[in-house]
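Enquirer: Mind having a look at this structure? Questions to follow.
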2 protein chains.
Amino acid sequence: MKIGQLADKTGLSIQTIRFYERKALLAAPQRTQSNYRSYSDEALKQLLFIKQCRSLDMTIEEISLVLETRTNPESSCENVNATMDKHIDDIKHRISELNALQKTLKSMRAACNDDKKIKECGVLHRIDSIVDSHCPAKRND
Amino acid sequence: MKIGQLADKTGLSIQTIRFYERKALLAAPQRTQSNYRSYSDEALKQLLFIKQCRSLDMTIEEISLVLETRTNPESSCENVNATMDKHIDDIKHRISELNALQKTLKSMRAACNDDKKIKECGVLHRIDSIVDSHCPAKRND
DNA sequence: CTTGACTCTATACCAAGTATAGAGTTTACA
DNA sequence: TGTAAACTCTATACTTGGTATAGAGTCAAG
Ligand SMILES: [Zn+2]
Ligand SMILES: [Zn+2]
Ligand SMILES: [Zn+2]
Ligand SMILES: [Zn+2]
């Protein structure tokens, strides 16, 4: 199977498949005489697995960990479970950040309406007033 | 004020300040004889404003829009409000995506425990079973 | 007068791809 | 058989919002 067919079957782009190969998520396949990549059905399965993991928003590094563990059927599930747990925690963290953010943005937005002008803008005033109470930090160049 | 002092006062790194200058969020400041950047208090205010917007997770493009509008005090708030509305919508969208994802991940994770082995792993089995029902797409190289 | 702290530009790197250019290969069709 | 379209190859640049160097120049204290 050539890369175009694999792309069709997986719904991934050709570039993405080559990208995963560079990232070592997918083993480099055999080549034809004309140097075209030639894939097995195993590669198709692997790619679909990777695609599924990506749709779960796992990072390439997280997927690597799972794939590596997966090669040994006798090993314990602990590593995979730990990776999943950490990832679920990643998501939870991002959700709570975004919820807080949304709250702030909504209350800020409520301070203005389209009839106002910039000089009396409730949104900008609120940003400015937060700005007026600022704080410093460290540096390195 | 030199860039190091500005970095201290804003809590941004020196590289970040130069980065914002390249992105035209911050006007290029005057230079000393030795070509050092020399900032006014206006630049400090501007940077703090930008920092505040970034903490609201606005993109650089969104911030640009707001900053541009802000230069004209007589203009209507409509543009700023539209930017905020779109951004709030961005966030809302991402939250609902992440909530759905979290739900999937949790139910997946519940299918396994640390006493199992990879060959009988509930998590991997569930990924595989989704993989088995796959679908193709388009391509371009 | 030298050391250390600071600044300058330019460049490379991160994630997770996407999008070219320019060259070679295979397939279809007349 | 010729040739044009479709495919594939590598290499490189771009995206976002920065971070991290290298190598050179500048400034202040001792
Ligand atoms: Zn994660
Ligand atoms: Zn307003
Ligand atoms: Zn936005
Ligand atoms: Zn398991």
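Starting from 1 in every chain, residues are counted up; chains themselves are A, B, ... following the order of the structure tokens, and ligands are numbered from 1 as listed.
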List the neighbours of DA5 (chain C) out to 12 Å using only C-alpha atoms (C1' of nucleotides); skip same-chain residues closer than 6 positions along the sequence, and give me the result as a PyMOL selection string.
Expert: (chain A and resi 140-141) or (chain B and resi 4) or (chain D and resi 26-29)
Enquirer: Any chance you could tabulate, as a tab-separated table, the residues of chain D at most 9 Å from chain A with each one's nearest atom pair and distance in Å to one decimal, using only C-alpha atoms (C1' of nucleotides), in chain and rising number order?
Expert:
residue	atom	partner	partner_atom	distance
D:DC7	C1'	A:Gly4	CA	8.0
D:DT8	C1'	A:Tyr36	CA	6.3
D:DC9	C1'	A:Tyr36	CA	7.2
Enquirer: C:DA23, C:DC6, C:DC1, C:DA15: which is nearest chain B, counting only C-alpha atoms (C1' of nucleotides)?
Expert: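 Answer, going by the shortest atom-to-atom distance: C:DC6.
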Enquirer: Go through the chains and note each residue within 6 Å of ligand 3, using only C-alpha atoms (C1' of nucleotides) and all ligand atoms, then give the set as a list in words.
Expert: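 Here is the list of contacting residues: Met58, Thr59, His87 and Asp90 of chain B.
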Enquirer: May I ask for the distance between CA of Cys53 (chain A) and CA of Ile127 (chain B), given in Å to one decimal place?
Expert: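 About the pair CA of Cys53 (chain A) and CA of Ile127 (chain B): they are 7.7 Å apart.
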Enquirer: Near region 40-49 of chain A, counting only C-alpha atoms (C1' of nucleotides), which residues have an atom at most 10 Å away, once you skip same-chain residues fewer than 5 positions from it, shown as a PDB file with N, CA and C atoms, in the first residue's frame?
Expert:
ATOM      1  N   MET A   1       0.844  -1.186   0.000  1.00  0.00           N
ATOM      2  CA  MET A   1       0.000   0.000   0.000  1.00  0.00           C
ATOM      3  C   MET A   1       0.889   1.249   0.000  1.00  0.00           C
ATOM      4  N   LYS A   2       0.600   2.179  -0.936  1.00  0.00           N
ATOM      5  CA  LYS A   2       1.387   3.411  -0.972  1.00  0.00           C
ATOM      6  C   LYS A   2       0.795   4.460  -0.047  1.00  0.00           C
ATOM      7  N   GLN A   5      -2.837   5.865  -0.615  1.00  0.00           N
ATOM      8  CA  GLN A   5      -3.912   4.947  -0.219  1.00  0.00           C
ATOM      9  C   GLN A   5      -4.065   4.926   1.301  1.00  0.00           C
ATOM     10  N   LEU A   6      -2.924   4.920   1.972  1.00  0.00           N
ATOM     11  CA  LEU A   6      -2.951   4.924   3.429  1.00  0.00           C
ATOM     12  C   LEU A   6      -3.621   6.202   3.942  1.00  0.00           C
ATOM     13  N   ALA A   7      -3.317   7.292   3.288  1.00  0.00           N
ATOM     14  CA  ALA A   7      -3.940   8.567   3.666  1.00  0.00           C
ATOM     15  C   ALA A   7      -5.457   8.488   3.470  1.00  0.00           C
ATOM     16  N   LYS A   9      -7.319   5.785   3.479  1.00  0.00           N
ATOM     17  CA  LYS A   9      -7.926   4.855   4.435  1.00  0.00           C
ATOM     18  C   LYS A   9      -7.978   5.389   5.850  1.00  0.00           C
ATOM     19  N   THR A  10      -6.990   6.199   6.215  1.00  0.00           N
ATOM     20  CA  THR A  10      -6.945   6.692   7.596  1.00  0.00           C
ATOM     21  C   THR A  10      -7.617   8.054   7.748  1.00  0.00           C
ATOM     22  N   GLY A  11      -7.728   8.776   6.644  1.00  0.00           N
ATOM     23  CA  GLY A  11      -8.256  10.134   6.755  1.00  0.00           C
ATOM     24  C   GLY A  11      -7.207  11.115   7.252  1.00  0.00           C
ATOM     25  N   LEU A  12      -5.954  10.668   7.306  1.00  0.00           N
ATOM     26  CA  LEU A  12      -4.863  11.581   7.658  1.00  0.00           C
ATOM     27  C   LEU A  12      -4.240  12.102   6.372  1.00  0.00           C
ATOM     28  N   ILE A  17       1.249  11.716   7.898  1.00  0.00           N
ATOM     29  CA  ILE A  17       1.815  10.362   8.009  1.00  0.00           C
ATOM     30  C   ILE A  17       3.339  10.421   8.026  1.00  0.00           C
ATOM     31  N   TYR A  20       4.462  11.737  11.382  1.00  0.00           N
ATOM     32  CA  TYR A  20       4.457  10.727  12.439  1.00  0.00           C
ATOM     33  C   TYR A  20       5.650   9.789  12.306  1.00  0.00           C
ATOM     34  N   LEU A  25       6.473   7.719  15.740  1.00  0.00           N
ATOM     35  CA  LEU A  25       5.222   7.097  16.180  1.00  0.00           C
ATOM     36  C   LEU A  25       4.911   5.912  15.275  1.00  0.00           C
ATOM     37  N   LEU A  26       5.354   6.035  14.053  1.00  0.00           N
ATOM     38  CA  LEU A  26       5.104   5.013  13.039  1.00  0.00           C
ATOM     39  C   LEU A  26       6.457   4.554  12.498  1.00  0.00           C
ATOM     40  N   ALA A  27       6.689   3.238  12.497  1.00  0.00           N
ATOM     41  CA  ALA A  27       7.965   2.723  12.008  1.00  0.00           C
ATOM     42  C   ALA A  27       8.145   3.088  10.536  1.00  0.00           C
ATOM     43  N   ALA A  28       9.384   3.385  10.146  1.00  0.00           N
ATOM     44  CA  ALA A  28       9.680   3.669   8.744  1.00  0.00           C
ATOM     45  C   ALA A  28       9.368   2.424   7.934  1.00  0.00           C
ATOM     46  N   PRO A  29       8.535   2.532   6.910  1.00  0.00           N
ATOM     47  CA  PRO A  29       8.115   1.360   6.150  1.00  0.00           C
ATOM     48  C   PRO A  29       9.178   0.953   5.139  1.00  0.00           C
ATOM     49  N   GLN A  30       8.947  -0.179   4.510  1.00  0.00           N
ATOM     50  CA  GLN A  30       9.817  -0.591   3.406  1.00  0.00           C
ATOM     51  C   GLN A  30       9.627   0.375   2.251  1.00  0.00           C
ATOM     52  N   ARG A  54      -4.999  10.821  19.190  1.00  0.00           N
ATOM     53  CA  ARG A  54      -4.943  12.263  18.949  1.00  0.00           C
ATOM     54  C   ARG A  54      -6.326  12.885  19.116  1.00  0.00           C
ATOM     55  N   SER A  55      -7.357  12.155  18.700  1.00  0.00           N
ATOM     56  CA  SER A  55      -8.703  12.700  18.846  1.00  0.00           C
ATOM     57  C   SER A  55      -9.081  12.769  20.329  1.00  0.00           C
ATOM     58  N   ILE A  63       1.277   9.493  23.486  1.00  0.00           N
ATOM     59  CA  ILE A  63       0.993   8.373  22.592  1.00  0.00           C
ATOM     60  C   ILE A  63       2.209   7.458  22.480  1.00  0.00           C
ATOM     61  N   LEU A  67       2.197   3.492  23.122  1.00  0.00           N
ATOM     62  CA  LEU A  67       2.604   2.579  22.050  1.00  0.00           C
ATOM     63  C   LEU A  67       3.748   1.675  22.504  1.00  0.00           C
TER      64      LEU A  67
ATOM     65  N   LEU B 124      -6.979   0.027  26.126  1.00  0.00           N
ATOM     66  CA  LEU B 124      -6.485  -0.255  24.775  1.00  0.00           C
ATOM     67  C   LEU B 124      -7.537  -0.984  23.944  1.00  0.00           C
ATOM     68  N   ILE B 127      -9.914   1.589  22.634  1.00  0.00           N
ATOM     69  CA  ILE B 127      -9.342   2.350  21.512  1.00  0.00           C
ATOM     70  C   ILE B 127      -9.356   1.491  20.249  1.00  0.00           C
ATOM     71  N   ASP B 128      -8.925   0.240  20.384  1.00  0.00           N
ATOM     72  CA  ASP B 128      -8.894  -0.663  19.229  1.00  0.00           C
ATOM     73  C   ASP B 128     -10.278  -0.850  18.624  1.00  0.00           C
ATOM     74  N   SER B 129     -11.285  -0.961  19.469  1.00  0.00           N
ATOM     75  CA  SER B 129     -12.615  -1.232  18.928  1.00  0.00           C
ATOM     76  C   SER B 129     -13.159  -0.017  18.179  1.00  0.00           C
ATOM     77  N   ILE B 130     -12.772   1.166  18.615  1.00  0.00           N
ATOM     78  CA  ILE B 130     -13.150   2.359  17.852  1.00  0.00           C
ATOM     79  C   ILE B 130     -12.407   2.357  16.510  1.00  0.00           C
ATOM     80  N   VAL B 131     -11.129   1.970  16.588  1.00  0.00           N
ATOM     81  CA  VAL B 131     -10.293   1.912  15.395  1.00  0.00           C
ATOM     82  C   VAL B 131     -10.882   0.975  14.342  1.00  0.00           C
ATOM     83  N   ASP B 132     -11.467  -0.142  14.799  1.00  0.00           N
ATOM     84  CA  ASP B 132     -11.979  -1.136  13.864  1.00  0.00           C
ATOM     85  C   ASP B 132     -13.128  -0.610  13.007  1.00  0.00           C
ATOM     86  N   SER B 133     -13.787   0.432  13.475  1.00  0.00           N
ATOM     87  CA  SER B 133     -14.847   1.045  12.657  1.00  0.00           C
ATOM     88  C   SER B 133     -14.351   2.385  12.121  1.00  0.00           C
ATOM     89  N   HIS B 134     -13.531   2.288  11.070  1.00  0.00           N
ATOM     90  CA  HIS B 134     -12.890   3.509  10.567  1.00  0.00           C
ATOM     91  C   HIS B 134     -13.555   4.045   9.303  1.00  0.00           C
ATOM     92  N   CYS B 135     -13.148   5.254   8.905  1.00  0.00           N
ATOM     93  CA  CYS B 135     -13.704   5.897   7.716  1.00  0.00           C
ATOM     94  C   CYS B 135     -12.678   6.782   7.014  1.00  0.00           C
TER      95      CYS B 135
END
Enquirer: Counting only C-alpha atoms (C1' of nucleotides) and all ligand atoms, which protein, DNA or RNA residues come within 7 Å of ligand 2, given as a list of chain:residue names?
Expert: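 The residues near ligand 2 are A:Cys112, A:Asn113, A:Asp114, A:Lys116, A:Lys117, A:Ile118, A:Glu120, A:Cys121, A:Gly122, A:Val123, A:Leu124, B:Cys77, B:Val80, B:Asn81.
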Enquirer: Go ahead and compute the interatomic distance for atom 1 (Zn, counted along the ligand's line) of ligand 1 and CA of Glu62 (chain B), in Å to one decimal.
Expert: 27.1 Å
Enquirer: Which polymer residues have any atom within 9 Å of an atom of region 16-18 of chain D, counting only C-alpha atoms (C1' of nucleotides), with same-chain residues fewer than 3 positions away left out, as a list of chain:residue names?
Expert: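 Final neighbour list, sorted by chain and number: B:Gln15, B:Thr16, B:Phe19, B:Thr59, B:Ile60.
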Enquirer: Counting only C-alpha atoms (C1' of nucleotides), which residues of chain C come no farther than 8 Å from chain A, as a list of chain:residue names?
Expert: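 Listed by rising number, the hits are C:DG17, C:DT18, C:DT25.
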Enquirer: Can you write out as a Markdown table which residues of chain A fall within 12 Å of ligand 4, alongside each residue's closest atom pair and its distance in Å to one decimal, counting only C-alpha atoms and all ligand atoms and ordering rows by chain and ascending residue number?
Expert:
| residue | atom | partner | partner_atom_place_in_ligand_line | distance |
| --- | --- | --- | --- | --- |
| A:Val66 | CA | ligand 4 | 1 (Zn) | 10.2 |
| A:Thr69 | CA | ligand 4 | 1 (Zn) | 10.3 |
| A:Arg70 | CA | ligand 4 | 1 (Zn) | 9.7 |
| A:Pro73 | CA | ligand 4 | 1 (Zn) | 10.3 |
| A:Glu74 | CA | ligand 4 | 1 (Zn) | 11.1 |
| A:Ser75 | CA | ligand 4 | 1 (Zn) | 9.7 |
| A:Ser76 | CA | ligand 4 | 1 (Zn) | 7.5 |
| A:Cys77 | CA | ligand 4 | 1 (Zn) | 4.2 |
| A:Glu78 | CA | ligand 4 | 1 (Zn) | 7.1 |
| A:Asn79 | CA | ligand 4 | 1 (Zn) | 8.5 |
| A:Val80 | CA | ligand 4 | 1 (Zn) | 6.3 |
| A:Asn81 | CA | ligand 4 | 1 (Zn) | 6.2 |
| A:Ala82 | CA | ligand 4 | 1 (Zn) | 9.8 |
| A:Thr83 | CA | ligand 4 | 1 (Zn) | 10.6 |
| A:Met84 | CA | ligand 4 | 1 (Zn) | 9.7 |
| A:Asp85 | CA | ligand 4 | 1 (Zn) | 11.6 |
Enquirer: Generate a file of the selected residues that holds all heavy atoms, formatted as a compact mmCIF listing (two decimals), in the first residue's frame.
Expert:
# COMPACT_ATOMS: atom_id res chain seq x y z
N VAL A 66 2.30 5.11 25.41
CA VAL A 66 1.30 4.04 25.30
C VAL A 66 1.72 3.01 24.26
O VAL A 66 1.64 1.81 24.50
CB VAL A 66 -0.08 4.63 24.96
CG1 VAL A 66 -1.08 3.52 24.66
CG2 VAL A 66 -0.58 5.49 26.12
N THR A 69 4.50 0.77 25.58
CA THR A 69 3.97 -0.22 26.53
C THR A 69 3.21 -1.32 25.79
O THR A 69 3.29 -2.49 26.13
CB THR A 69 3.02 0.47 27.53
OG1 THR A 69 3.70 1.57 28.12
CG2 THR A 69 2.58 -0.49 28.62
N ARG A 70 2.46 -0.88 24.77
CA ARG A 70 1.60 -1.81 24.05
C ARG A 70 2.36 -2.95 23.37
O ARG A 70 1.79 -3.98 23.06
CB ARG A 70 0.79 -1.03 23.00
CG ARG A 70 -0.50 -1.72 22.59
CD ARG A 70 -1.36 -0.81 21.76
NE ARG A 70 -0.76 -0.52 20.47
CZ ARG A 70 -1.42 -0.58 19.31
NH1 ARG A 70 -2.70 -0.91 19.30
NH2 ARG A 70 -0.83 -0.27 18.19
N PRO A 73 2.67 -7.40 25.61
CA PRO A 73 1.32 -7.78 26.08
C PRO A 73 1.30 -8.26 27.53
O PRO A 73 0.26 -8.23 28.18
CB PRO A 73 0.93 -8.93 25.15
CG PRO A 73 1.92 -8.94 24.05
CD PRO A 73 3.15 -8.29 24.56
N GLU A 74 2.46 -8.70 28.01
CA GLU A 74 2.52 -9.24 29.37
C GLU A 74 2.76 -8.17 30.44
O GLU A 74 2.67 -8.44 31.62
CB GLU A 74 3.62 -10.29 29.47
CG GLU A 74 3.34 -11.56 28.70
CD GLU A 74 2.03 -12.22 29.15
OE1 GLU A 74 1.71 -12.19 30.36
OE2 GLU A 74 1.32 -12.76 28.28
N SER A 75 3.12 -6.96 30.00
CA SER A 75 3.44 -5.94 30.99
C SER A 75 2.17 -5.42 31.65
O SER A 75 1.06 -5.58 31.14
CB SER A 75 4.22 -4.80 30.34
OG SER A 75 3.39 -4.09 29.47
N SER A 76 2.36 -4.81 32.79
CA SER A 76 1.23 -4.32 33.57
C SER A 76 0.59 -3.09 32.92
O SER A 76 1.24 -2.35 32.18
CB SER A 76 1.72 -3.94 34.97
OG SER A 76 0.82 -3.04 35.58
N CYS A 77 -0.67 -2.88 33.22
CA CYS A 77 -1.39 -1.72 32.69
C CYS A 77 -1.02 -0.43 33.41
O CYS A 77 -1.47 0.64 33.01
CB CYS A 77 -2.88 -1.94 32.80
SG CYS A 77 -3.55 -2.97 31.48
N GLU A 78 -0.22 -0.52 34.44
CA GLU A 78 0.04 0.66 35.28
C GLU A 78 0.49 1.88 34.49
O GLU A 78 0.00 2.98 34.71
CB GLU A 78 1.08 0.31 36.35
CG GLU A 78 0.50 -0.52 37.49
CD GLU A 78 1.57 -0.90 38.50
OE1 GLU A 78 2.35 -0.01 38.88
OE2 GLU A 78 1.63 -2.09 38.89
N ASN A 79 1.45 1.66 33.58
CA ASN A 79 1.97 2.81 32.81
C ASN A 79 0.89 3.47 31.97
O ASN A 79 0.76 4.69 31.95
CB ASN A 79 3.11 2.36 31.89
CG ASN A 79 4.40 2.18 32.66
OD1 ASN A 79 4.53 2.69 33.78
ND2 ASN A 79 5.34 1.48 32.08
N VAL A 80 0.13 2.64 31.27
CA VAL A 80 -0.94 3.17 30.43
C VAL A 80 -1.95 3.92 31.30
O VAL A 80 -2.35 5.05 30.98
CB VAL A 80 -1.65 2.04 29.66
CG1 VAL A 80 -2.92 2.55 28.99
CG2 VAL A 80 -0.72 1.45 28.61
N ASN A 81 -2.32 3.30 32.41
CA ASN A 81 -3.29 3.94 33.30
C ASN A 81 -2.76 5.27 33.85
O ASN A 81 -3.50 6.25 33.94
CB ASN A 81 -3.66 3.00 34.44
CG ASN A 81 -4.49 1.84 33.95
OD1 ASN A 81 -5.09 1.91 32.88
ND2 ASN A 81 -4.51 0.75 34.71
N ALA A 82 -1.48 5.28 34.18
CA ALA A 82 -0.89 6.51 34.71
C ALA A 82 -0.91 7.60 33.64
O ALA A 82 -1.21 8.76 33.92
CB ALA A 82 0.53 6.25 35.18
N THR A 83 -0.59 7.21 32.41
CA THR A 83 -0.63 8.17 31.31
C THR A 83 -2.04 8.72 31.12
O THR A 83 -2.24 9.94 30.99
CB THR A 83 -0.17 7.51 30.00
OG1 THR A 83 1.17 7.02 30.17
CG2 THR A 83 -0.19 8.49 28.85
N MET A 84 -3.02 7.84 31.14
CA MET A 84 -4.41 8.28 31.01
C MET A 84 -4.81 9.19 32.16
O MET A 84 -5.43 10.24 31.95
CB MET A 84 -5.34 7.06 30.97
CG MET A 84 -5.21 6.19 29.75
SD MET A 84 -5.67 7.03 28.22
CE MET A 84 -7.45 6.95 28.33
N ASP A 85 -4.45 8.79 33.37
CA ASP A 85 -4.81 9.61 34.53
C ASP A 85 -4.22 11.00 34.44
O ASP A 85 -4.89 12.00 34.69
CB ASP A 85 -4.33 8.93 35.83
CG ASP A 85 -5.20 7.74 36.20
OD1 ASP A 85 -6.35 7.69 35.73
OD2 ASP A 85 -4.74 6.87 36.95
Enquirer: One decimal, Å: what's the distance from C1' of DC14 (chain D) over to C1' of DA21 (chain C), could you say?
Expert: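 Between these atoms lies a distance of 13.8 Å.
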Enquirer: So, with only C-alpha atoms as the atoms that count, which of A:Arg126, A:Ser38, A:Leu56, A:Ala24 lies closest to chain B?
Expert: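 Using only C-alpha atoms, chain B sits closest to A:Leu56.
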Enquirer: From the set A:Leu101, A:Ile50, A:Ala110, A:Ile88, which residue has the shortest atom-to-atom contact distance to ligand 1, counting only C-alpha atoms and all ligand atoms?
Expert: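 Going through A:Leu101, A:Ile50, A:Ala110, A:Ile88 one by one, the smallest distance to ligand 1 is for A:Ile88.
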Enquirer: Considering only alpha helix (DSSP H) as DSSP defines it on the backbone, what residues of chain B qualify? List them as a count of residues only.
Expert: 86
